[in-house]
Structures are given as structure tokens and as C-alpha cells.
Amino acid sequence: MDASPPPLRKIIHVDMDAFYASVEQRDDPSLRGLPIAVGGGGPRGVVATCSYEARTFGVRSAMPGARARRLCPDLIFVPPRFDVYRAVSGQVREIFSRFTDIVQPLSLDEAYLDVTVNKPGIASATQIAEEIRRMIRAETGLTASAGVSYNKLIAKLASDQNKPDGVCVVRPSEGPAFIAAMPVRRIHGVGPVTAKRMQALGIETGADLRARDMRFLQTHFGSAADYYYRAARAQDDRPVREREGRKSVSVEDTFFDDLVEEAALVAEIERIAASLWTRIEKAQAWGRTVVLKVKFADFRIITRSRSFSTPVRSPDILAQAGRELLVAQLPLRMGARLLGLGVHNLEGEEGGEAQGGQLALGL
């Protein structure tokens, strides 16, 4: 007898809309309709997230608070309440559990769901996504956007397509065209520096990326070539699964030009520290050891670390540790092409993030 084909996959990516800011506007009606930022507005403050009213001014997550205030002088800063966000996130995940146990949280405000086989026995993944969004609104007073597709890559991109409070469905026959029209900078896994490199090579869209063969991609992008090759073809066979306990949280950035001067290096490590702090707060993952990573122009890597007796719970202490670890290495033996900063020895819980199968017409 012939083996039965594998089930056709149905994947949903649910992403809460401006989660922290929306919770604050829900709980304080005087903030509704106003540009608000959750985070710190001081000299070293960082925007964790902001309302859609603030985004119209160019304010974005991980942006220094001082810059955000310059862009939007009327911006209202609200201190984060992570205990509340975690409680709401728990409500949302309980809603997910009514449909499937195959849930992969990426953070407090987003998750993948595999609903190929689901508890209510609903054939349409789109219907499930709409029902989940309806329940979230009814039970939390918040809105969520969803992407429905046949793999994780497309579902995640789709969830951002009709924000806020929208759904985007991409069927198997539509996947290649969906990616082809996508600017490469939006494709998950293509960072800002890689996007600039691709642009310099004439790669602006998914279609441009698909036009390059594997040899070309390996020459210019090394070990990432296989992922880019498959992503350009809307292929992703990664399963939806619970993530293992996180052992570290880190942020790193590769520079278009190697950095040599102390002022430029320190400015970058402070920016990276601010971004890392946003990620730490979102994940609620506090660590006792701060680790600096430097990759030189010749690709040699060094790491340096400093451990504390208790977890680092201050952005100022994190930034100071990063600066001190970096300054202790100056002057560098050659230019730095990458800087990274992370925290290890975590305490607390983790938060929040290719040939694909095919999806039934139930999308």
C-alpha cells in the first residue's frame, strides 16, 4: 500500500496590536487616541513599544526616549507594568489552548499556532483565526492581527500585512508571489545590514532574491544562503513547537563599515545595550552575567564578561557594564565588523522568537 501523504499544514501567527501601549490605553481611558510610549523618556530611556498614534510621527520600539520625544513633542511616556502584560498574555494563551496545544510563543504578545488538527475540528484556519481574534477582543478588550498560511515564514509576514486588527491569508498557490513582491528588508531573517548588502547587489525584492542561484548566495552570504534560497521560494519546514528554556538574551549588529574610533564604538555599544534592555524587559529574562562580543575585520571573535551577584535589573548598569567591557579592549587590534551584548545565567521566565508542506483549501 502507498504511504499516506503528510497532513497539509495550517499555521497561524497571532500578533497583538501595540500590546503594551494598548493595555495602557485600555486601562486609562484618558490615554486613548493619544501618542503614548511605554518606557523611559529620560536621557537613557528606551521606547519598549508605542501606540499607533505615536507611530505616525516615526516613533518606534527600541528607539531612545530622547529621540522619540524630538519626533513627537507631545509624546506621553508611561512606565511599563509587566505584571499586567504577563497576566493579559496568559489570558490570550488560554484562548489559544481552546483550539490547539501546539503553540510556540515568541514573546508576551505573539505566537505561532499549528491548527492542522485542532480541538474544535474546524476545517478552516481562517475561521479559527477570526474566532481567536473575536475572543481576544471580547475577553481582554484588545485587538490582535493574524497571518494564516502553510508555514511559519509566510504566516509571520502575513500577520503584519493588515495591521492593526486585521487578517491576511496566504494560500500555497499564493506564497511565491507573496514573497516575490516583498521588500527583502521585511523578510524575517534579513537584518538591516544584510538588507543593505543585498541592495548593493541589486536585490531589492523577494523576486530579485529568487533570481540569484545558490552559488551566488553562498558566495555573498555564506551559511545563510540556504535559508535565503528557500525563503525566496516561500519554503519553510520548521515545525511549530514549544521553545526550550532560554539560556541567554543577546543583541548584536554587523556594521557596513568596520568601526575603529572609540567614540563610534561606545555609541554603538550603548545603542545595542538599549535594544538589549527592551528585549530583556519583554522576555522578563534577567541575567547575572553581561557578555561582550567583538568580531574583527578578519572574522576573529573575542568575548569578555562580567558577572554580578544578582541579576541586572537596571538599563544603566547594563549599559555601563557593556561600555566598561568594551573600553577595556581599546584600542582594538583592528576594526570591528560586529559588536554584541548579552546577558547569561538567567533567572525568571522566558518570553518572546525549508521546504514547506502544503495547506488545504480550508484556509
# chains A, B, ... in the order shown; residues from 1 in each chain; ligands from 1

call {"tool": "residues_around", "arguments": {"residues": "Pro164 of chain A", "least_positions_apart": "2", "cutoff": "8 Å", "atoms": "only C-alpha atoms", "output": "PyMOL selection string"}}
result
chain A and resi 17+143-145+162+166

call {"tool": "select_by_dssp", "arguments": {"residues": "segment 277-332 of chain A", "states": "strand (DSSP E)", "output": "VMD selection string"}}
result
chain A and resid 286 to 296 301 to 307

call {"tool": "write_last_selection", "arguments": {"atoms": "C-alpha atoms", "output": "short mmCIF file (atom, residue, chain, number, x, y, z; two decimals), in the first residue's frame"}}
result
data_model
loop_
_atom_site.label_atom_id
_atom_site.label_comp_id
_atom_site.auth_asym_id
_atom_site.auth_seq_id
_atom_site.Cartn_x
_atom_site.Cartn_y
_atom_site.Cartn_z
CA TRP A 286 17.06 38.75 33.86
CA GLY A 287 20.70 37.63 33.87
CA ARG A 288 23.66 37.93 36.24
CA THR A 289 26.40 37.87 33.59
CA VAL A 290 26.90 40.55 30.94
CA VAL A 291 28.83 39.32 27.89
CA LEU A 292 30.51 41.47 25.24
CA LYS A 293 31.19 40.03 21.78
CA VAL A 294 33.53 41.63 19.24
CA LYS A 295 34.09 40.27 15.74
CA PHE A 296 37.07 41.81 13.96
CA ILE A 301 35.90 36.78 17.66
CA ILE A 302 36.58 37.64 21.26
CA THR A 303 34.16 37.62 24.19
CA ARG A 304 34.53 39.29 27.56
CA SER A 305 32.17 39.01 30.51
CA ARG A 306 31.36 40.46 33.91
CA SER A 307 29.22 38.70 36.49
#

call {"tool": "atom_distance", "arguments": {"atom1": "atom CA of Pro183 of chain A", "atom2": "atom CA of Phe57 of chain A"}}
result
22.3 Å

call {"tool": "closest_residue", "arguments": {"among": "A:Ala321, A:Leu339, A:Gly222, A:Gly191", "to": "Val260 of chain A", "atoms": "only C-alpha atoms"}}
result
A:Leu339

call {"tool": "select_by_dssp", "arguments": {"residues": "segment 162-280 of chain A", "states": "helix (DSSP H, G or I)", "output": "number ranges by chain"}}
result
A: 172-180, 184-186, 192-200, 206-210, 214-231, 262-280

call {"tool": "atom_distance", "arguments": {"atom1": "atom CA of Gln218 of chain A", "atom2": "atom CA of Ile154 of chain A"}}
result
23.1 Å

call {"tool": "atom_distance", "arguments": {"atom1": "atom CA of Glu24 of chain A", "atom2": "atom CA of Lys282 of chain A"}}
result
15.3 Å

call {"tool": "closest_residue", "arguments": {"among": "A:Ile136, A:Ala274, A:Ala177, A:Leu157", "to": "Val47 of chain A", "atoms": "only C-alpha atoms"}}
result
A:Ala274

call {"tool": "closest_residue", "arguments": {"among": "A:Ser275, A:Thr310, A:Asp109, A:Leu209", "to": "Gly65 of chain A", "atoms": "only C-alpha atoms"}}
result
A:Ser275

call {"tool": "closest_atom_pairs", "arguments": {"of": "segment 19-70 of chain A", "to": "segment 80-87 of chain A", "cutoff": "12 Å", "atoms": "only C-alpha atoms", "output": "Markdown table"}}
result
| residue | atom | partner | partner_atom | distance |
| --- | --- | --- | --- | --- |
| A:Phe19 | CA | A:Tyr85 | CA | 8.0 |
| A:Tyr20 | CA | A:Tyr85 | CA | 6.6 |
| A:Ala21 | CA | A:Pro80 | CA | 9.0 |
| A:Ser22 | CA | A:Tyr85 | CA | 10.2 |
| A:Val23 | CA | A:Tyr85 | CA | 7.4 |
| A:Glu24 | CA | A:Pro80 | CA | 8.7 |
| A:Arg26 | CA | A:Val84 | CA | 11.8 |
| A:Asp27 | CA | A:Val84 | CA | 10.2 |
| A:Ile36 | CA | A:Pro80 | CA | 11.6 |
| A:Ala37 | CA | A:Pro80 | CA | 9.3 |
| A:Val38 | CA | A:Pro80 | CA | 5.7 |
| A:Gly39 | CA | A:Pro80 | CA | 5.9 |
| A:Gly40 | CA | A:Pro80 | CA | 8.7 |
| A:Gly41 | CA | A:Pro80 | CA | 11.9 |
| A:Gly45 | CA | A:Pro80 | CA | 11.9 |
| A:Val46 | CA | A:Pro80 | CA | 11.1 |
| A:Val47 | CA | A:Pro80 | CA | 10.0 |
| A:Ala48 | CA | A:Pro80 | CA | 8.2 |
| A:Thr49 | CA | A:Pro80 | CA | 9.6 |
| A:Cys50 | CA | A:Pro80 | CA | 11.2 |

call {"tool": "closest_residue", "arguments": {"among": "A:Val88, A:Leu113, A:Met135, A:Cys72", "to": "Lys10 of chain A", "atoms": "only C-alpha atoms"}}
result
A:Leu113

call {"tool": "residues_around", "arguments": {"residues": "Glu262 of chain A", "least_positions_apart": "5", "cutoff": "12 Å", "atoms": "only C-alpha atoms", "output": "list in words"}}
result
Ala267, Glu268, Ile269, Arg323, Leu326, Val327, Ala328, Gln329, Leu330, Pro331, Leu332, Gly335 and Ala336 of chain A

call {"tool": "residues_around", "arguments": {"residues": "Gly147 of chain A", "least_positions_apart": "2", "cutoff": "12 Å", "atoms": "only C-alpha atoms", "output": "PDB file with N, CA and C atoms, in the first residue's frame"}}
result
ATOM      1  N   LYS A  10      -1.537  23.928   8.461  1.00  0.00           N
ATOM      2  CA  LYS A  10      -2.271  25.178   8.634  1.00  0.00           C
ATOM      3  C   LYS A  10      -1.668  25.899   9.831  1.00  0.00           C
ATOM      4  N   ILE A  11      -0.996  26.999   9.560  1.00  0.00           N
ATOM      5  CA  ILE A  11      -0.258  27.734  10.579  1.00  0.00           C
ATOM      6  C   ILE A  11      -0.848  29.137  10.729  1.00  0.00           C
ATOM      7  N   ILE A  12      -1.024  29.553  11.984  1.00  0.00           N
ATOM      8  CA  ILE A  12      -1.486  30.909  12.270  1.00  0.00           C
ATOM      9  C   ILE A  12      -0.428  31.616  13.107  1.00  0.00           C
ATOM     10  N   HIS A  13      -0.120  32.849  12.733  1.00  0.00           N
ATOM     11  CA  HIS A  13       0.729  33.696  13.582  1.00  0.00           C
ATOM     12  C   HIS A  13      -0.149  34.813  14.112  1.00  0.00           C
ATOM     13  N   VAL A  14      -0.294  34.865  15.431  1.00  0.00           N
ATOM     14  CA  VAL A  14      -1.112  35.894  16.084  1.00  0.00           C
ATOM     15  C   VAL A  14      -0.193  36.914  16.727  1.00  0.00           C
ATOM     16  N   ASP A  15      -0.437  38.182  16.462  1.00  0.00           N
ATOM     17  CA  ASP A  15       0.396  39.268  16.971  1.00  0.00           C
ATOM     18  C   ASP A  15      -0.514  40.351  17.554  1.00  0.00           C
ATOM     19  N   MET A  16      -0.410  40.582  18.847  1.00  0.00           N
ATOM     20  CA  MET A  16      -1.207  41.615  19.481  1.00  0.00           C
ATOM     21  C   MET A  16      -0.800  42.989  18.939  1.00  0.00           C
ATOM     22  N   GLU A 110       3.070  37.634  20.946  1.00  0.00           N
ATOM     23  CA  GLU A 110       2.928  36.950  19.655  1.00  0.00           C
ATOM     24  C   GLU A 110       3.241  35.474  19.797  1.00  0.00           C
ATOM     25  N   ALA A 111       2.645  34.669  18.906  1.00  0.00           N
ATOM     26  CA  ALA A 111       2.844  33.229  18.953  1.00  0.00           C
ATOM     27  C   ALA A 111       2.431  32.599  17.632  1.00  0.00           C
ATOM     28  N   TYR A 112       3.047  31.440  17.354  1.00  0.00           N
ATOM     29  CA  TYR A 112       2.606  30.587  16.251  1.00  0.00           C
ATOM     30  C   TYR A 112       1.664  29.521  16.793  1.00  0.00           C
ATOM     31  N   LEU A 113       0.665  29.163  15.996  1.00  0.00           N
ATOM     32  CA  LEU A 113      -0.231  28.067  16.326  1.00  0.00           C
ATOM     33  C   LEU A 113      -0.310  27.124  15.127  1.00  0.00           C
ATOM     34  N   ASP A 114      -0.181  25.842  15.379  1.00  0.00           N
ATOM     35  CA  ASP A 114      -0.421  24.841  14.341  1.00  0.00           C
ATOM     36  C   ASP A 114      -1.837  24.311  14.552  1.00  0.00           C
ATOM     37  N   ALA A 125      -8.721  27.297   8.694  1.00  0.00           N
ATOM     38  CA  ALA A 125      -7.788  28.004   9.560  1.00  0.00           C
ATOM     39  C   ALA A 125      -8.147  29.483   9.658  1.00  0.00           C
ATOM     40  N   THR A 126      -8.689  30.038   8.597  1.00  0.00           N
ATOM     41  CA  THR A 126      -9.117  31.438   8.626  1.00  0.00           C
ATOM     42  C   THR A 126     -10.239  31.628   9.644  1.00  0.00           C
ATOM     43  N   GLN A 127     -11.169  30.691   9.683  1.00  0.00           N
ATOM     44  CA  GLN A 127     -12.259  30.771  10.661  1.00  0.00           C
ATOM     45  C   GLN A 127     -11.711  30.705  12.082  1.00  0.00           C
ATOM     46  N   ILE A 128     -10.711  29.857  12.294  1.00  0.00           N
ATOM     47  CA  ILE A 128     -10.101  29.765  13.625  1.00  0.00           C
ATOM     48  C   ILE A 128      -9.442  31.085  13.999  1.00  0.00           C
ATOM     49  N   ALA A 129      -8.698  31.661  13.057  1.00  0.00           N
ATOM     50  CA  ALA A 129      -8.030  32.938  13.335  1.00  0.00           C
ATOM     51  C   ALA A 129      -9.038  34.016  13.692  1.00  0.00           C
ATOM     52  N   GLU A 130     -10.130  34.064  12.969  1.00  0.00           N
ATOM     53  CA  GLU A 130     -11.162  35.074  13.243  1.00  0.00           C
ATOM     54  C   GLU A 130     -11.815  34.826  14.604  1.00  0.00           C
ATOM     55  N   ARG A 133      -9.412  35.965  17.320  1.00  0.00           N
ATOM     56  CA  ARG A 133      -9.387  37.424  17.413  1.00  0.00           C
ATOM     57  C   ARG A 133     -10.659  37.953  18.091  1.00  0.00           C
ATOM     58  N   ALA A 144      -5.980  42.019  17.997  1.00  0.00           N
ATOM     59  CA  ALA A 144      -4.840  41.243  17.514  1.00  0.00           C
ATOM     60  C   ALA A 144      -4.945  41.104  16.006  1.00  0.00           C
ATOM     61  N   SER A 145      -3.811  40.991  15.362  1.00  0.00           N
ATOM     62  CA  SER A 145      -3.762  40.710  13.929  1.00  0.00           C
ATOM     63  C   SER A 145      -3.254  39.286  13.735  1.00  0.00           C
ATOM     64  N   SER A 149      -1.367  30.817   7.016  1.00  0.00           N
ATOM     65  CA  SER A 149      -0.679  30.299   5.845  1.00  0.00           C
ATOM     66  C   SER A 149      -0.239  28.864   6.071  1.00  0.00           C
ATOM     67  N   TYR A 150       0.649  28.384   5.210  1.00  0.00           N
ATOM     68  CA  TYR A 150       1.052  26.989   5.232  1.00  0.00           C
ATOM     69  C   TYR A 150       2.425  26.782   5.850  1.00  0.00           C
ATOM     70  N   ASN A 151       3.105  27.867   6.262  1.00  0.00           N
ATOM     71  CA  ASN A 151       4.346  27.726   7.006  1.00  0.00           C
ATOM     72  C   ASN A 151       4.574  28.958   7.879  1.00  0.00           C
ATOM     73  N   LYS A 152       5.562  28.870   8.757  1.00  0.00           N
ATOM     74  CA  LYS A 152       5.794  29.916   9.739  1.00  0.00           C
ATOM     75  C   LYS A 152       6.286  31.212   9.101  1.00  0.00           C
ATOM     76  N   LEU A 153       7.159  31.096   8.123  1.00  0.00           N
ATOM     77  CA  LEU A 153       7.701  32.291   7.470  1.00  0.00           C
ATOM     78  C   LEU A 153       6.583  33.141   6.884  1.00  0.00           C
ATOM     79  N   ILE A 154       5.712  32.529   6.094  1.00  0.00           N
ATOM     80  CA  ILE A 154       4.658  33.287   5.431  1.00  0.00           C
ATOM     81  C   ILE A 154       3.635  33.783   6.444  1.00  0.00           C
ATOM     82  N   ALA A 155       3.296  32.952   7.437  1.00  0.00           N
ATOM     83  CA  ALA A 155       2.305  33.359   8.429  1.00  0.00           C
ATOM     84  C   ALA A 155       2.769  34.593   9.198  1.00  0.00           C
ATOM     85  N   LYS A 156       4.043  34.630   9.561  1.00  0.00           N
ATOM     86  CA  LYS A 156       4.558  35.783  10.319  1.00  0.00           C
ATOM     87  C   LYS A 156       4.538  37.042   9.462  1.00  0.00           C
ATOM     88  N   LEU A 157       4.953  36.944   8.228  1.00  0.00           N
ATOM     89  CA  LEU A 157       4.912  38.106   7.331  1.00  0.00           C
ATOM     90  C   LEU A 157       3.472  38.550   7.100  1.00  0.00           C
ATOM     91  N   ALA A 158       2.572  37.594   6.982  1.00  0.00           N
ATOM     92  CA  ALA A 158       1.174  37.920   6.705  1.00  0.00           C
ATOM     93  C   ALA A 158       0.514  38.638   7.878  1.00  0.00           C
ATOM     94  N   SER A 159       0.905  38.308   9.104  1.00  0.00           N
ATOM     95  CA  SER A 159       0.263  38.930  10.265  1.00  0.00           C
ATOM     96  C   SER A 159       0.538  40.427  10.334  1.00  0.00           C
ATOM     97  N   ASP A 160       1.592  40.866   9.677  1.00  0.00           N
ATOM     98  CA  ASP A 160       1.940  42.293   9.681  1.00  0.00           C
ATOM     99  C   ASP A 160       1.314  43.034   8.507  1.00  0.00           C
ATOM    100  N   GLN A 161       0.697  42.282   7.618  1.00  0.00           N
ATOM    101  CA  GLN A 161       0.246  42.857   6.354  1.00  0.00           C
ATOM    102  C   GLN A 161      -0.958  43.785   6.518  1.00  0.00           C
ATOM    103  N   ASN A 162      -1.887  43.445   7.388  1.00  0.00           N
ATOM    104  CA  ASN A 162      -3.117  44.225   7.531  1.00  0.00           C
ATOM    105  C   ASN A 162      -3.286  44.775   8.950  1.00  0.00           C
ATOM    106  N   LYS A 163      -2.191  45.102   9.604  1.00  0.00           N
ATOM    107  CA  LYS A 163      -2.241  45.686  10.950  1.00  0.00           C
ATOM    108  C   LYS A 163      -2.753  47.117  10.888  1.00  0.00           C
ATOM    109  N   PRO A 164      -3.415  47.546  11.980  1.00  0.00           N
ATOM    110  CA  PRO A 164      -3.836  46.754  13.133  1.00  0.00           C
ATOM    111  C   PRO A 164      -5.200  46.105  12.912  1.00  0.00           C
ATOM    112  N   ASP A 165      -5.486  45.109  13.744  1.00  0.00           N
ATOM    113  CA  ASP A 165      -6.795  44.471  13.794  1.00  0.00           C
ATOM    114  C   ASP A 165      -7.209  43.891  12.450  1.00  0.00           C
ATOM    115  N   GLY A 166      -6.292  43.157  11.827  1.00  0.00           N
ATOM    116  CA  GLY A 166      -6.603  42.590  10.520  1.00  0.00           C
ATOM    117  C   GLY A 166      -6.132  41.149  10.386  1.00  0.00           C
ATOM    118  N   VAL A 167      -6.555  40.514   9.306  1.00  0.00           N
ATOM    119  CA  VAL A 167      -6.157  39.149   8.977  1.00  0.00           C
ATOM    120  C   VAL A 167      -5.656  39.125   7.541  1.00  0.00           C
ATOM    121  N   CYS A 168      -4.605  38.363   7.311  1.00  0.00           N
ATOM    122  CA  CYS A 168      -4.121  38.153   5.945  1.00  0.00           C
ATOM    123  C   CYS A 168      -3.945  36.653   5.743  1.00  0.00           C
ATOM    124  N   VAL A 169      -4.525  36.135   4.676  1.00  0.00           N
ATOM    125  CA  VAL A 169      -4.462  34.712   4.359  1.00  0.00           C
ATOM    126  C   VAL A 169      -3.629  34.531   3.091  1.00  0.00           C
ATOM    127  N   VAL A 170      -2.627  33.657   3.166  1.00  0.00           N
ATOM    128  CA  VAL A 170      -1.785  33.364   2.007  1.00  0.00           C
ATOM    129  C   VAL A 170      -1.812  31.859   1.775  1.00  0.00           C
ATOM    130  N   ARG A 171      -2.441  31.441   0.677  1.00  0.00           N
ATOM    131  CA  ARG A 171      -2.576  30.026   0.350  1.00  0.00           C
ATOM    132  C   ARG A 171      -1.315  29.531  -0.361  1.00  0.00           C
ATOM    133  N   LEU A 363      -7.979  27.044   4.349  1.00  0.00           N
ATOM    134  CA  LEU A 363      -7.549  28.384   4.727  1.00  0.00           C
ATOM    135  C   LEU A 363      -8.658  29.371   4.465  1.00  0.00           C
TER     136      LEU A 363
END

call {"tool": "residues_around", "arguments": {"residues": "Arg186 of chain A", "least_positions_apart": "6", "cutoff": "10 Å", "atoms": "only C-alpha atoms", "output": "ChimeraX atom specification"}}
result
/A:157,160,179,192,195,205-206

call {"tool": "closest_residue", "arguments": {"among": "A:Ala273, A:Ala62, A:Ala146, A:Val184", "to": "Ser314 of chain A", "atoms": "only C-alpha atoms"}}
result
A:Ala273
